[in-house]
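What follows is run.cif (mmCIF, C-alpha atoms and all ligand atoms; chains and numbers go by the auth columns).
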```
data_run
#
loop_
_atom_site.group_PDB
_atom_site.id
_atom_site.type_symbol
_atom_site.label_atom_id
_atom_site.label_comp_id
_atom_site.label_asym_id
_atom_site.label_seq_id
_atom_site.Cartn_x
_atom_site.Cartn_y
_atom_site.Cartn_z
_atom_site.B_iso_or_equiv
_atom_site.auth_seq_id
_atom_site.auth_asym_id
ATOM 1 C CA MET A 1 92.691 -68.444 -175.706 0.00 1 H
ATOM 2 C CA ARG A 2 94.032 -71.055 -173.305 0.00 2 H
ATOM 3 C CA LEU A 3 91.946 -74.203 -173.033 0.00 3 H
ATOM 4 C CA ILE A 4 92.085 -77.629 -171.472 0.00 4 H
ATOM 5 C CA PHE A 5 90.312 -80.665 -172.850 0.00 5 H
ATOM 6 C CA LEU A 6 89.423 -83.301 -170.265 0.00 6 H
ATOM 7 C CA GLY A 7 87.763 -86.660 -170.737 0.00 7 H
ATOM 8 C CA PRO A 8 88.661 -90.346 -170.732 0.00 8 H
ATOM 9 C CA PRO A 9 90.722 -91.929 -173.507 0.00 9 H
ATOM 10 C CA GLY A 10 88.577 -92.406 -176.607 0.00 10 H
ATOM 11 C CA ALA A 11 86.159 -89.596 -175.647 0.00 11 H
ATOM 12 C CA GLY A 12 86.985 -87.646 -178.813 0.00 12 H
ATOM 13 C CA LYS A 13 89.367 -85.045 -177.357 0.00 13 H
ATOM 14 C CA GLY A 14 91.830 -85.346 -180.227 0.00 14 H
ATOM 15 C CA THR A 15 89.139 -85.063 -182.918 0.00 15 H
ATOM 16 C CA GLN A 16 87.562 -82.004 -181.348 0.00 16 H
ATOM 17 C CA ALA A 17 90.878 -80.376 -180.513 0.00 17 H
ATOM 18 C CA THR A 18 91.911 -80.631 -184.184 0.00 18 H
ATOM 19 C CA ARG A 19 88.768 -78.701 -185.114 0.00 19 H
ATOM 20 C CA ILE A 20 89.457 -75.972 -182.576 0.00 20 H
ATOM 21 C CA VAL A 21 92.997 -75.645 -183.931 0.00 21 H
ATOM 22 C CA ALA A 22 91.614 -75.044 -187.431 0.00 22 H
ATOM 23 C CA LYS A 23 88.962 -72.634 -186.233 0.00 23 H
ATOM 24 C CA HIS A 24 90.868 -70.588 -183.658 0.00 24 H
ATOM 25 C CA GLY A 25 94.434 -70.876 -184.907 0.00 25 H
ATOM 26 C CA ILE A 26 95.886 -72.025 -181.608 0.00 26 H
ATOM 27 C CA PRO A 27 98.145 -75.078 -181.323 0.00 27 H
ATOM 28 C CA GLN A 28 96.990 -78.373 -179.860 0.00 28 H
ATOM 29 C CA LEU A 29 99.398 -79.475 -177.184 0.00 29 H
ATOM 30 C CA SER A 30 98.813 -83.200 -176.871 0.00 30 H
ATOM 31 C CA THR A 31 101.101 -84.787 -174.303 0.00 31 H
ATOM 32 C CA GLY A 32 100.298 -88.196 -175.851 0.00 32 H
ATOM 33 C CA ASP A 33 101.541 -86.964 -179.265 0.00 33 H
ATOM 34 C CA MET A 34 104.636 -85.373 -177.713 0.00 34 H
ATOM 35 C CA LEU A 35 105.458 -88.575 -175.843 0.00 35 H
ATOM 36 C CA ARG A 36 104.884 -90.720 -178.948 0.00 36 H
ATOM 37 C CA ALA A 37 107.237 -88.405 -180.871 0.00 37 H
ATOM 38 C CA ALA A 38 109.837 -88.764 -178.110 0.00 38 H
ATOM 39 C CA VAL A 39 109.494 -92.562 -178.245 0.00 39 H
ATOM 40 C CA ALA A 40 109.837 -92.559 -182.044 0.00 40 H
ATOM 41 C CA ALA A 41 112.918 -90.325 -181.854 0.00 41 H
ATOM 42 C CA GLY A 42 114.452 -92.485 -179.121 0.00 42 H
ATOM 43 C CA THR A 43 115.126 -89.502 -176.832 0.00 43 H
ATOM 44 C CA PRO A 44 115.894 -90.101 -173.121 0.00 44 H
ATOM 45 C CA VAL A 45 112.285 -89.116 -172.284 0.00 45 H
ATOM 46 C CA GLY A 46 111.003 -91.503 -174.955 0.00 46 H
ATOM 47 C CA LEU A 47 113.126 -94.351 -173.640 0.00 47 H
ATOM 48 C CA LYS A 48 111.738 -93.839 -170.140 0.00 48 H
ATOM 49 C CA ALA A 49 108.128 -93.447 -171.293 0.00 49 H
ATOM 50 C CA LYS A 50 107.800 -96.272 -173.824 0.00 50 H
ATOM 51 C CA ALA A 51 107.149 -99.258 -171.548 0.00 51 H
ATOM 52 C CA VAL A 52 104.680 -97.331 -169.374 0.00 52 H
ATOM 53 C CA MET A 53 102.757 -96.129 -172.430 0.00 53 H
ATOM 54 C CA ASP A 54 102.677 -99.555 -174.044 0.00 54 H
ATOM 55 C CA ALA A 55 101.215 -100.957 -170.834 0.00 55 H
ATOM 56 C CA GLY A 56 98.544 -98.232 -170.598 0.00 56 H
ATOM 57 C CA GLY A 57 99.937 -96.602 -167.438 0.00 57 H
ATOM 58 C CA LEU A 58 100.709 -92.960 -166.743 0.00 58 H
ATOM 59 C CA VAL A 59 104.129 -91.512 -167.436 0.00 59 H
ATOM 60 C CA SER A 60 105.630 -89.779 -164.367 0.00 60 H
ATOM 61 C CA ASP A 61 104.388 -86.308 -163.468 0.00 61 H
ATOM 62 C CA GLU A 62 107.968 -85.041 -163.527 0.00 62 H
ATOM 63 C CA ILE A 63 108.497 -86.015 -167.181 0.00 63 H
ATOM 64 C CA VAL A 64 105.123 -84.790 -168.410 0.00 64 H
ATOM 65 C CA ILE A 65 105.238 -81.499 -166.513 0.00 65 H
ATOM 66 C CA GLY A 66 108.734 -80.924 -167.938 0.00 66 H
ATOM 67 C CA ILE A 67 107.619 -81.392 -171.544 0.00 67 H
ATOM 68 C CA VAL A 68 104.577 -79.140 -171.125 0.00 68 H
ATOM 69 C CA ALA A 69 106.668 -76.431 -169.430 0.00 69 H
ATOM 70 C CA ASP A 70 109.073 -76.479 -172.398 0.00 70 H
ATOM 71 C CA ARG A 71 106.303 -76.617 -174.994 0.00 71 H
ATOM 72 C CA ILE A 72 104.345 -73.621 -173.721 0.00 72 H
ATOM 73 C CA GLU A 73 107.519 -71.540 -174.011 0.00 73 H
ATOM 74 C CA GLU A 74 107.547 -72.018 -177.782 0.00 74 H
ATOM 75 C CA ALA A 75 106.555 -69.108 -180.002 0.00 75 H
ATOM 76 C CA ASP A 76 103.312 -70.594 -181.365 0.00 76 H
ATOM 77 C CA ALA A 77 101.941 -71.124 -177.839 0.00 77 H
ATOM 78 C CA LYS A 78 102.204 -67.434 -176.985 0.00 78 H
ATOM 79 C CA LYS A 79 98.823 -66.692 -178.566 0.00 79 H
ATOM 80 C CA GLY A 80 97.171 -69.531 -176.656 0.00 80 H
ATOM 81 C CA PHE A 81 96.849 -73.295 -176.780 0.00 81 H
ATOM 82 C CA ILE A 82 94.593 -76.212 -176.239 0.00 82 H
ATOM 83 C CA LEU A 83 95.917 -78.838 -173.874 0.00 83 H
ATOM 84 C CA ASP A 84 94.818 -82.351 -174.819 0.00 84 H
ATOM 85 C CA GLY A 85 95.644 -85.180 -172.416 0.00 85 H
ATOM 86 C CA PHE A 86 97.105 -82.878 -169.751 0.00 86 H
ATOM 87 C CA PRO A 87 96.670 -82.445 -166.811 0.00 87 H
ATOM 88 C CA ARG A 88 96.008 -86.081 -165.980 0.00 88 H
ATOM 89 C CA THR A 89 96.745 -85.909 -162.239 0.00 89 H
ATOM 90 C CA LEU A 90 96.170 -83.380 -159.498 0.00 90 H
ATOM 91 C CA ALA A 91 99.929 -82.779 -159.286 0.00 91 H
ATOM 92 C CA GLN A 92 99.936 -81.895 -163.006 0.00 92 H
ATOM 93 C CA ALA A 93 96.966 -79.532 -162.555 0.00 93 H
ATOM 94 C CA GLU A 94 98.757 -77.783 -159.689 0.00 94 H
ATOM 95 C CA ALA A 95 101.990 -77.575 -161.672 0.00 95 H
ATOM 96 C CA LEU A 96 100.101 -76.021 -164.581 0.00 96 H
ATOM 97 C CA ASP A 97 98.606 -73.450 -162.215 0.00 97 H
ATOM 98 C CA SER A 98 102.063 -72.419 -161.048 0.00 98 H
ATOM 99 C CA MET A 99 103.449 -72.344 -164.604 0.00 99 H
ATOM 100 C CA LEU A 100 100.652 -70.039 -165.739 0.00 100 H
ATOM 101 C CA ALA A 101 100.701 -67.906 -162.588 0.00 101 H
ATOM 102 C CA GLY A 102 104.454 -67.455 -163.046 0.00 102 H
ATOM 103 C CA LYS A 103 103.756 -65.932 -166.451 0.00 103 H
ATOM 104 C CA GLY A 104 100.726 -63.922 -165.310 0.00 104 H
ATOM 105 C CA LEU A 105 98.472 -66.025 -167.563 0.00 105 H
ATOM 106 C CA LYS A 106 95.041 -67.503 -166.940 0.00 106 H
ATOM 107 C CA LEU A 107 93.070 -70.407 -168.334 0.00 107 H
ATOM 108 C CA ASP A 108 90.009 -69.399 -170.286 0.00 108 H
ATOM 109 C CA LYS A 109 88.061 -72.641 -170.141 0.00 109 H
ATOM 110 C CA VAL A 110 88.218 -76.269 -169.223 0.00 110 H
ATOM 111 C CA LEU A 111 86.029 -78.430 -171.426 0.00 111 H
ATOM 112 C CA GLU A 112 85.138 -81.896 -170.181 0.00 112 H
ATOM 113 C CA LEU A 113 83.872 -84.426 -172.714 0.00 113 H
ATOM 114 C CA ARG A 114 81.523 -86.656 -170.745 0.00 114 H
ATOM 115 C CA VAL A 115 80.936 -90.102 -172.197 0.00 115 H
ATOM 116 C CA ASP A 116 79.425 -93.431 -171.278 0.00 116 H
ATOM 117 C CA GLN A 117 82.516 -95.473 -170.426 0.00 117 H
ATOM 118 C CA SER A 118 80.818 -98.753 -171.316 0.00 118 H
ATOM 119 C CA LYS A 119 80.778 -97.566 -174.973 0.00 119 H
ATOM 120 C CA LEU A 120 84.439 -96.608 -175.109 0.00 120 H
ATOM 121 C CA VAL A 121 85.949 -100.016 -175.781 0.00 121 H
ATOM 122 C CA ASP A 122 83.745 -100.317 -178.909 0.00 122 H
ATOM 123 C CA ARG A 123 84.855 -96.858 -180.009 0.00 123 H
ATOM 124 C CA ILE A 124 88.496 -97.704 -179.605 0.00 124 H
ATOM 125 C CA VAL A 125 88.143 -100.966 -181.513 0.00 125 H
ATOM 126 C CA ARG A 126 86.564 -98.927 -184.332 0.00 126 H
ATOM 127 C CA ARG A 127 89.388 -96.342 -184.171 0.00 127 H
ATOM 128 C CA ALA A 128 91.944 -99.136 -184.566 0.00 128 H
ATOM 129 C CA GLU A 129 90.004 -100.655 -187.507 0.00 129 H
ATOM 130 C CA GLU A 130 89.684 -97.284 -189.245 0.00 130 H
ATOM 131 C CA ALA A 131 93.385 -96.550 -188.830 0.00 131 H
ATOM 132 C CA LYS A 132 94.223 -99.962 -190.267 0.00 132 H
ATOM 133 C CA ALA A 133 91.854 -99.511 -193.225 0.00 133 H
ATOM 134 C CA ALA A 134 93.413 -96.097 -193.951 0.00 134 H
ATOM 135 C CA GLY A 135 96.857 -97.698 -193.977 0.00 135 H
ATOM 136 C CA GLN A 136 97.818 -95.768 -190.816 0.00 136 H
ATOM 137 C CA PRO A 137 99.690 -97.333 -187.926 0.00 137 H
ATOM 138 C CA VAL A 138 97.466 -98.669 -185.151 0.00 138 H
ATOM 139 C CA ARG A 139 98.388 -97.422 -181.690 0.00 139 H
ATOM 140 C CA LYS A 140 99.715 -100.257 -179.560 0.00 140 H
ATOM 141 C CA ASP A 141 97.750 -98.932 -176.583 0.00 141 H
ATOM 142 C CA ASP A 142 94.488 -99.105 -178.574 0.00 142 H
ATOM 143 C CA ASP A 143 94.528 -102.850 -178.012 0.00 143 H
ATOM 144 C CA PRO A 144 91.295 -103.552 -176.022 0.00 144 H
ATOM 145 C CA GLU A 145 93.110 -104.998 -172.991 0.00 145 H
ATOM 146 C CA VAL A 146 95.607 -102.127 -172.773 0.00 146 H
ATOM 147 C CA PHE A 147 92.747 -99.722 -173.322 0.00 147 H
ATOM 148 C CA LYS A 148 91.005 -101.075 -170.201 0.00 148 H
ATOM 149 C CA THR A 149 94.160 -100.335 -168.208 0.00 149 H
ATOM 150 C CA ARG A 150 94.160 -96.761 -169.598 0.00 150 H
ATOM 151 C CA LEU A 151 90.553 -96.371 -168.506 0.00 151 H
ATOM 152 C CA GLU A 152 91.463 -97.639 -165.031 0.00 152 H
ATOM 153 C CA ALA A 153 94.284 -95.099 -164.844 0.00 153 H
ATOM 154 C CA TYR A 154 91.799 -92.414 -165.849 0.00 154 H
ATOM 155 C CA ASN A 155 89.324 -93.389 -163.145 0.00 155 H
ATOM 156 C CA ARG A 156 92.022 -93.716 -160.507 0.00 156 H
ATOM 157 C CA ASP A 157 94.147 -90.630 -161.193 0.00 157 H
ATOM 158 C CA THR A 158 92.453 -88.324 -163.674 0.00 158 H
ATOM 159 C CA ALA A 159 88.753 -88.307 -162.794 0.00 159 H
ATOM 160 C CA ILE A 160 89.510 -85.965 -159.869 0.00 160 H
ATOM 161 C CA VAL A 161 90.926 -83.289 -162.163 0.00 161 H
ATOM 162 C CA ALA A 162 87.524 -82.129 -163.491 0.00 162 H
ATOM 163 C CA PRO A 163 86.117 -81.390 -159.995 0.00 163 H
ATOM 164 C CA TYR A 164 89.316 -79.428 -159.283 0.00 164 H
ATOM 165 C CA TYR A 165 88.325 -76.965 -162.028 0.00 165 H
ATOM 166 C CA GLU A 166 84.612 -77.250 -161.326 0.00 166 H
ATOM 167 C CA LYS A 167 85.154 -75.888 -157.812 0.00 167 H
ATOM 168 C CA ARG A 168 86.606 -72.769 -159.382 0.00 168 H
ATOM 169 C CA GLY A 169 83.730 -72.377 -161.812 0.00 169 H
ATOM 170 C CA GLN A 170 86.016 -73.018 -164.800 0.00 170 H
ATOM 171 C CA LEU A 171 84.544 -76.301 -166.000 0.00 171 H
ATOM 172 C CA THR A 172 82.143 -76.680 -168.922 0.00 172 H
ATOM 173 C CA PRO A 173 80.816 -80.219 -169.370 0.00 173 H
ATOM 174 C CA ILE A 174 80.038 -81.312 -172.929 0.00 174 H
ATOM 175 C CA ASP A 175 77.954 -84.361 -173.839 0.00 175 H
ATOM 176 C CA GLY A 176 80.491 -86.410 -175.782 0.00 176 H
ATOM 177 C CA MET A 177 78.005 -89.129 -176.741 0.00 177 H
ATOM 178 C CA GLN A 178 76.408 -86.974 -179.437 0.00 178 H
ATOM 179 C CA PRO A 179 77.478 -87.241 -183.088 0.00 179 H
ATOM 180 C CA ILE A 180 80.813 -85.497 -183.795 0.00 180 H
ATOM 181 C CA GLU A 181 79.167 -82.443 -185.421 0.00 181 H
ATOM 182 C CA GLN A 182 76.855 -81.880 -182.474 0.00 182 H
ATOM 183 C CA VAL A 183 79.722 -82.186 -180.010 0.00 183 H
ATOM 184 C CA ALA A 184 81.539 -79.625 -182.154 0.00 184 H
ATOM 185 C CA SER A 185 78.648 -77.150 -181.991 0.00 185 H
ATOM 186 C CA ALA A 186 78.274 -77.610 -178.241 0.00 186 H
ATOM 187 C CA ILE A 187 81.972 -76.735 -177.964 0.00 187 H
ATOM 188 C CA ASP A 188 81.540 -73.706 -180.235 0.00 188 H
ATOM 189 C CA GLN A 189 78.717 -72.489 -178.012 0.00 189 H
ATOM 190 C CA ALA A 190 80.792 -73.015 -174.882 0.00 190 H
ATOM 191 C CA LEU A 191 83.679 -71.063 -176.363 0.00 191 H
ATOM 192 C CA ALA A 192 81.446 -68.235 -177.536 0.00 192 H
ATOM 193 C CA GLY A 193 79.887 -67.849 -174.089 0.00 193 H
HETATM 194 P P1 LIG B . 96.905 -90.112 -175.093 0.00 201 H
HETATM 195 O O1 LIG B . 97.337 -89.964 -176.520 0.00 201 H
HETATM 196 O O2 LIG B . 96.514 -88.797 -174.471 0.00 201 H
HETATM 197 O O3 LIG B . 95.851 -91.164 -174.913 0.00 201 H
HETATM 198 O O4 LIG B . 98.183 -90.601 -174.281 0.00 201 H
HETATM 199 C C1 LIG B . 98.814 -91.832 -174.576 0.00 201 H
HETATM 200 C C2 LIG B . 99.654 -92.280 -173.390 0.00 201 H
HETATM 201 O O5 LIG B . 100.671 -91.313 -173.121 0.00 201 H
HETATM 202 C C3 LIG B . 98.899 -92.400 -172.072 0.00 201 H
HETATM 203 O O6 LIG B . 98.233 -93.652 -171.944 0.00 201 H
HETATM 204 C C4 LIG B . 100.027 -92.231 -171.054 0.00 201 H
HETATM 205 O O7 LIG B . 100.812 -93.412 -170.988 0.00 201 H
HETATM 206 C C5 LIG B . 100.882 -91.177 -171.715 0.00 201 H
HETATM 207 N N1 LIG B . 100.450 -89.814 -171.314 0.00 201 H
HETATM 208 C C6 LIG B . 99.921 -88.854 -172.134 0.00 201 H
HETATM 209 N N2 LIG B . 99.659 -87.736 -171.445 0.00 201 H
HETATM 210 C C7 LIG B . 100.012 -87.983 -170.157 0.00 201 H
HETATM 211 C C8 LIG B . 99.961 -87.233 -168.952 0.00 201 H
HETATM 212 N N3 LIG B . 99.468 -85.982 -168.933 0.00 201 H
HETATM 213 N N4 LIG B . 100.411 -87.816 -167.809 0.00 201 H
HETATM 214 C C9 LIG B . 100.903 -89.081 -167.824 0.00 201 H
HETATM 215 N N5 LIG B . 100.962 -89.850 -168.913 0.00 201 H
HETATM 216 C C10 LIG B . 100.540 -89.319 -170.079 0.00 201 H
#
```
Render the structure in this file as structure tokens.
Amino acid sequence: MRLIFLGPPGAGKGTQATRIVAKHGIPQLSTGDMLRAAVAAGTPVGLKAKAVMDAGGLVSDEIVIGIVADRIEEADAKKGFILDGFPRTLAQAEALDSMLAGKGLKLDKVLELRVDQSKLVDRIVRRAEEAKAAGQPVRKDDDPEVFKTRLEAYNRDTAIVAPYYEKRGQLTPIDGMQPIEQVASAIDQALAG
């Protein structure tokens, strides 16, 4: 099963993707996680990406497309994957199409978590507090001001990605404002259908 998870930052993509991983045994390919790992390891990609990520902007299409192209070649991605945080621009969506077409593969579904953006800043503040309370590191870009910049980037560059898939009849919208368990069952239903 090859899936894409769309939705603004803080919509719950990561939480729901983790559940799908456990249930369906496919890896979660989060470009945010891959970039954070590259930053932590101090790789050339990480060095280029760090400042942009800290400021809440989008890393270049070239870099992100490159890491996804490499990642989907790995053995665990052969049985399928769930893309979380990618594609974030039209150029990335088109690049993914060519990558998959080149391998004779198709996407099964694109799930879009729809949320009320005015509630997202509160959610992100809570996420930062919970991480802190659990003794986990708080993401620098979960600072409320940086978060607003991430939301702006979403509305400017990423919001057009969902209609791209909708036109092809591949998009399933999910109400992301419901409690986590209800969002999870809506996703289960979408994947069963
Ligand atoms: P995320 O964990 O998905 O919220 O991503 C964290 C940050 O990584 C984003 O704010 C961007 O700076 C960068 N990033 C992650 N995925 C992408 C992508 N597909 N295109 C561009 N930048 C990305």
The PyMOL selection byres (((chain H and resi 70-77) around 10) and not hetatm) applied to the shown file, residues as JSON, numbers by chain = {"H": [1, 2, 25, 26, 27, 28, 29, 31, 34, 65, 66, 67, 68, 69, 78, 79, 80, 81, 82, 83, 99, 100]}
Mind dumping the selected residues with C-alpha atoms as a PDB file, in the frame of the given file?
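Saved result, part26.pdb, follows:
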```
ATOM      1  CA  MET H   1      92.691 -68.444-175.706  1.00  0.00           C
ATOM      2  CA  ARG H   2      94.032 -71.055-173.305  1.00  0.00           C
ATOM      3  CA  GLY H  25      94.434 -70.876-184.907  1.00  0.00           C
ATOM      4  CA  ILE H  26      95.886 -72.025-181.608  1.00  0.00           C
ATOM      5  CA  PRO H  27      98.145 -75.078-181.323  1.00  0.00           C
ATOM      6  CA  GLN H  28      96.990 -78.373-179.860  1.00  0.00           C
ATOM      7  CA  LEU H  29      99.398 -79.475-177.184  1.00  0.00           C
ATOM      8  CA  THR H  31     101.101 -84.787-174.303  1.00  0.00           C
ATOM      9  CA  MET H  34     104.636 -85.373-177.713  1.00  0.00           C
ATOM     10  CA  ILE H  65     105.238 -81.499-166.513  1.00  0.00           C
ATOM     11  CA  GLY H  66     108.734 -80.924-167.938  1.00  0.00           C
ATOM     12  CA  ILE H  67     107.619 -81.392-171.544  1.00  0.00           C
ATOM     13  CA  VAL H  68     104.577 -79.140-171.125  1.00  0.00           C
ATOM     14  CA  ALA H  69     106.668 -76.431-169.430  1.00  0.00           C
ATOM     15  CA  LYS H  78     102.204 -67.434-176.985  1.00  0.00           C
ATOM     16  CA  LYS H  79      98.823 -66.692-178.566  1.00  0.00           C
ATOM     17  CA  GLY H  80      97.171 -69.531-176.656  1.00  0.00           C
ATOM     18  CA  PHE H  81      96.849 -73.295-176.780  1.00  0.00           C
ATOM     19  CA  ILE H  82      94.593 -76.212-176.239  1.00  0.00           C
ATOM     20  CA  LEU H  83      95.917 -78.838-173.874  1.00  0.00           C
ATOM     21  CA  MET H  99     103.449 -72.344-164.604  1.00  0.00           C
ATOM     22  CA  LEU H 100     100.652 -70.039-165.739  1.00  0.00           C
TER      23      LEU H 100
END
```
Counting only C-alpha atoms and all ligand atoms, the option among H:Tyr164, H:Tyr154, H:Phe147, H:Phe86 closest to ligand LIG 201 (chain H) | H:Phe86
Compute the set of protein, DNA and RNA residues whose minimum atom distance to ligand LIG 201 (chain H) is at most 10 Å, using all atoms listed in the file, and state it as a PyMOL selection string.
-> chain H and resi 6-11+13-14+30-36+49-65+67-68+83-89+91-93+139-142+146-147+149-151+153-154+157-158
Would you save the residues from that selection as a PDB file, in the coordinates of the input, using C-alpha atoms?
```
ATOM      1  CA  LEU H   6      89.423 -83.301-170.265  1.00  0.00           C
ATOM      2  CA  GLY H   7      87.763 -86.660-170.737  1.00  0.00           C
ATOM      3  CA  PRO H   8      88.661 -90.346-170.732  1.00  0.00           C
ATOM      4  CA  PRO H   9      90.722 -91.929-173.507  1.00  0.00           C
ATOM      5  CA  GLY H  10      88.577 -92.406-176.607  1.00  0.00           C
ATOM      6  CA  ALA H  11      86.159 -89.596-175.647  1.00  0.00           C
ATOM      7  CA  LYS H  13      89.367 -85.045-177.357  1.00  0.00           C
ATOM      8  CA  GLY H  14      91.830 -85.346-180.227  1.00  0.00           C
ATOM      9  CA  SER H  30      98.813 -83.200-176.871  1.00  0.00           C
ATOM     10  CA  THR H  31     101.101 -84.787-174.303  1.00  0.00           C
ATOM     11  CA  GLY H  32     100.298 -88.196-175.851  1.00  0.00           C
ATOM     12  CA  ASP H  33     101.541 -86.964-179.265  1.00  0.00           C
ATOM     13  CA  MET H  34     104.636 -85.373-177.713  1.00  0.00           C
ATOM     14  CA  LEU H  35     105.458 -88.575-175.843  1.00  0.00           C
ATOM     15  CA  ARG H  36     104.884 -90.720-178.948  1.00  0.00           C
ATOM     16  CA  ALA H  49     108.128 -93.447-171.293  1.00  0.00           C
ATOM     17  CA  LYS H  50     107.800 -96.272-173.824  1.00  0.00           C
ATOM     18  CA  ALA H  51     107.149 -99.258-171.548  1.00  0.00           C
ATOM     19  CA  VAL H  52     104.680 -97.331-169.374  1.00  0.00           C
ATOM     20  CA  MET H  53     102.757 -96.129-172.430  1.00  0.00           C
ATOM     21  CA  ASP H  54     102.677 -99.555-174.044  1.00  0.00           C
ATOM     22  CA  ALA H  55     101.215-100.957-170.834  1.00  0.00           C
ATOM     23  CA  GLY H  56      98.544 -98.232-170.598  1.00  0.00           C
ATOM     24  CA  GLY H  57      99.937 -96.602-167.438  1.00  0.00           C
ATOM     25  CA  LEU H  58     100.709 -92.960-166.743  1.00  0.00           C
ATOM     26  CA  VAL H  59     104.129 -91.512-167.436  1.00  0.00           C
ATOM     27  CA  SER H  60     105.630 -89.779-164.367  1.00  0.00           C
ATOM     28  CA  ASP H  61     104.388 -86.308-163.468  1.00  0.00           C
ATOM     29  CA  GLU H  62     107.968 -85.041-163.527  1.00  0.00           C
ATOM     30  CA  ILE H  63     108.497 -86.015-167.181  1.00  0.00           C
ATOM     31  CA  VAL H  64     105.123 -84.790-168.410  1.00  0.00           C
ATOM     32  CA  ILE H  65     105.238 -81.499-166.513  1.00  0.00           C
ATOM     33  CA  ILE H  67     107.619 -81.392-171.544  1.00  0.00           C
ATOM     34  CA  VAL H  68     104.577 -79.140-171.125  1.00  0.00           C
ATOM     35  CA  LEU H  83      95.917 -78.838-173.874  1.00  0.00           C
ATOM     36  CA  ASP H  84      94.818 -82.351-174.819  1.00  0.00           C
ATOM     37  CA  GLY H  85      95.644 -85.180-172.416  1.00  0.00           C
ATOM     38  CA  PHE H  86      97.105 -82.878-169.751  1.00  0.00           C
ATOM     39  CA  PRO H  87      96.670 -82.445-166.811  1.00  0.00           C
ATOM     40  CA  ARG H  88      96.008 -86.081-165.980  1.00  0.00           C
ATOM     41  CA  THR H  89      96.745 -85.909-162.239  1.00  0.00           C
ATOM     42  CA  ALA H  91      99.929 -82.779-159.286  1.00  0.00           C
ATOM     43  CA  GLN H  92      99.936 -81.895-163.006  1.00  0.00           C
ATOM     44  CA  ALA H  93      96.966 -79.532-162.555  1.00  0.00           C
ATOM     45  CA  ARG H 139      98.388 -97.422-181.690  1.00  0.00           C
ATOM     46  CA  LYS H 140      99.715-100.257-179.560  1.00  0.00           C
ATOM     47  CA  ASP H 141      97.750 -98.932-176.583  1.00  0.00           C
ATOM     48  CA  ASP H 142      94.488 -99.105-178.574  1.00  0.00           C
ATOM     49  CA  VAL H 146      95.607-102.127-172.773  1.00  0.00           C
ATOM     50  CA  PHE H 147      92.747 -99.722-173.322  1.00  0.00           C
ATOM     51  CA  THR H 149      94.160-100.335-168.208  1.00  0.00           C
ATOM     52  CA  ARG H 150      94.160 -96.761-169.598  1.00  0.00           C
ATOM     53  CA  LEU H 151      90.553 -96.371-168.506  1.00  0.00           C
ATOM     54  CA  ALA H 153      94.284 -95.099-164.844  1.00  0.00           C
ATOM     55  CA  TYR H 154      91.799 -92.414-165.849  1.00  0.00           C
ATOM     56  CA  ASP H 157      94.147 -90.630-161.193  1.00  0.00           C
ATOM     57  CA  THR H 158      92.453 -88.324-163.674  1.00  0.00           C
TER      58      THR H 158
END
```
Spatial neighbours of Gly193 in chain H, 12 Å, only C-alpha atoms, chain gap at least 6 places, as a count of residues only = 5
Run through the PyMOL selection byres (((chain H and resi 163) around 12) and not hetatm) on the given coordinates and return the selected residues as JSON, numbers by chain.
-> {"H": [6, 89, 90, 93, 110, 111, 112, 158, 159, 160, 161, 162, 164, 165, 166, 167, 168, 169, 170, 171, 172, 173]}
Distance CA of Leu47 in chain H-CA of Arg123 in chain H, one decimal place?
->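 Result for CA of Leu47 in chain H versus CA of Arg123 in chain H: 29.1 Å, one decimal.
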Point-to-point distance from CA of Ala17 in chain H to CA of Asp122 in chain H, Å rounded to tenths |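 Between these atoms lies a distance of 21.2 Å.
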Any idea what the distance is between CA of Ile174 in chain H and CA of Arg114 in chain H?
-> 6.0 Å
Given the choices H:Lys23, H:Arg156, H:Lys48, H:Lys148, which gets closest to Ile124 in chain H if the distance is worked out from all atoms listed in the file?
->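 With all atoms listed in the file as the atom set, the closest residue is H:Lys148.
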Which residue of H:Gly12, H:Gly104, H:Val21, H:Asp188 approaches Arg127 in chain H most closely, using all atoms listed in the file =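 Ranking H:Gly12, H:Gly104, H:Val21, H:Asp188 by distance to Arg127 in chain H, first place goes to H:Gly12.
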Quick one: axis-aligned box around all listed atoms of range 137-152 of chain H, 8 Å on every side, centre and edge lengths in Å to one decimal, written as AutoDock Vina command-line options.
```
--center_x 95.1 --center_y -100.7 --center_z -176.5 --size_x 25.2 --size_y 24.6 --size_z 38.9
```
Compare H:Thr43, H:Gln16, H:Asp116, H:Ala192 by their minimum atom-to-atom distance to Ile4 in chain H, counting only C-alpha atoms, and give me the closest one.
->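 Checking each of H:Thr43, H:Gln16, H:Asp116, H:Ala192 against Ile4 in chain H, counting only C-alpha atoms, the winner is H:Gln16.
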Since the input is missing atoms, can you rebuild N, CA and C atoms for range 91-96 of chain H and write them as a JSON list (two decimals), in the frame of the given file?
```
[["chain", "number", "residue", "atom", "x", "y", "z"],
["H", 91, "ALA", "N", 98.60, -83.41, -159.33],
["H", 91, "ALA", "CA", 99.93, -82.78, -159.29],
["H", 91, "ALA", "C", 100.20, -82.02, -160.59],
["H", 92, "GLN", "N", 99.75, -82.59, -161.71],
["H", 92, "GLN", "CA", 99.94, -81.90, -163.01],
["H", 92, "GLN", "C", 99.08, -80.63, -163.07],
["H", 93, "ALA", "N", 97.85, -80.71, -162.54],
["H", 93, "ALA", "CA", 96.97, -79.53, -162.56],
["H", 93, "ALA", "C", 97.59, -78.42, -161.71],
["H", 94, "GLU", "N", 98.15, -78.79, -160.56],
["H", 94, "GLU", "CA", 98.76, -77.78, -159.69],
["H", 94, "GLU", "C", 100.01, -77.19, -160.33],
["H", 95, "ALA", "N", 100.78, -78.06, -161.00],
["H", 95, "ALA", "CA", 101.99, -77.58, -161.67],
["H", 95, "ALA", "C", 101.62, -76.61, -162.79],
["H", 96, "LEU", "N", 100.53, -76.91, -163.51],
["H", 96, "LEU", "CA", 100.10, -76.02, -164.58],
["H", 96, "LEU", "C", 99.69, -74.67, -164.00]]
```
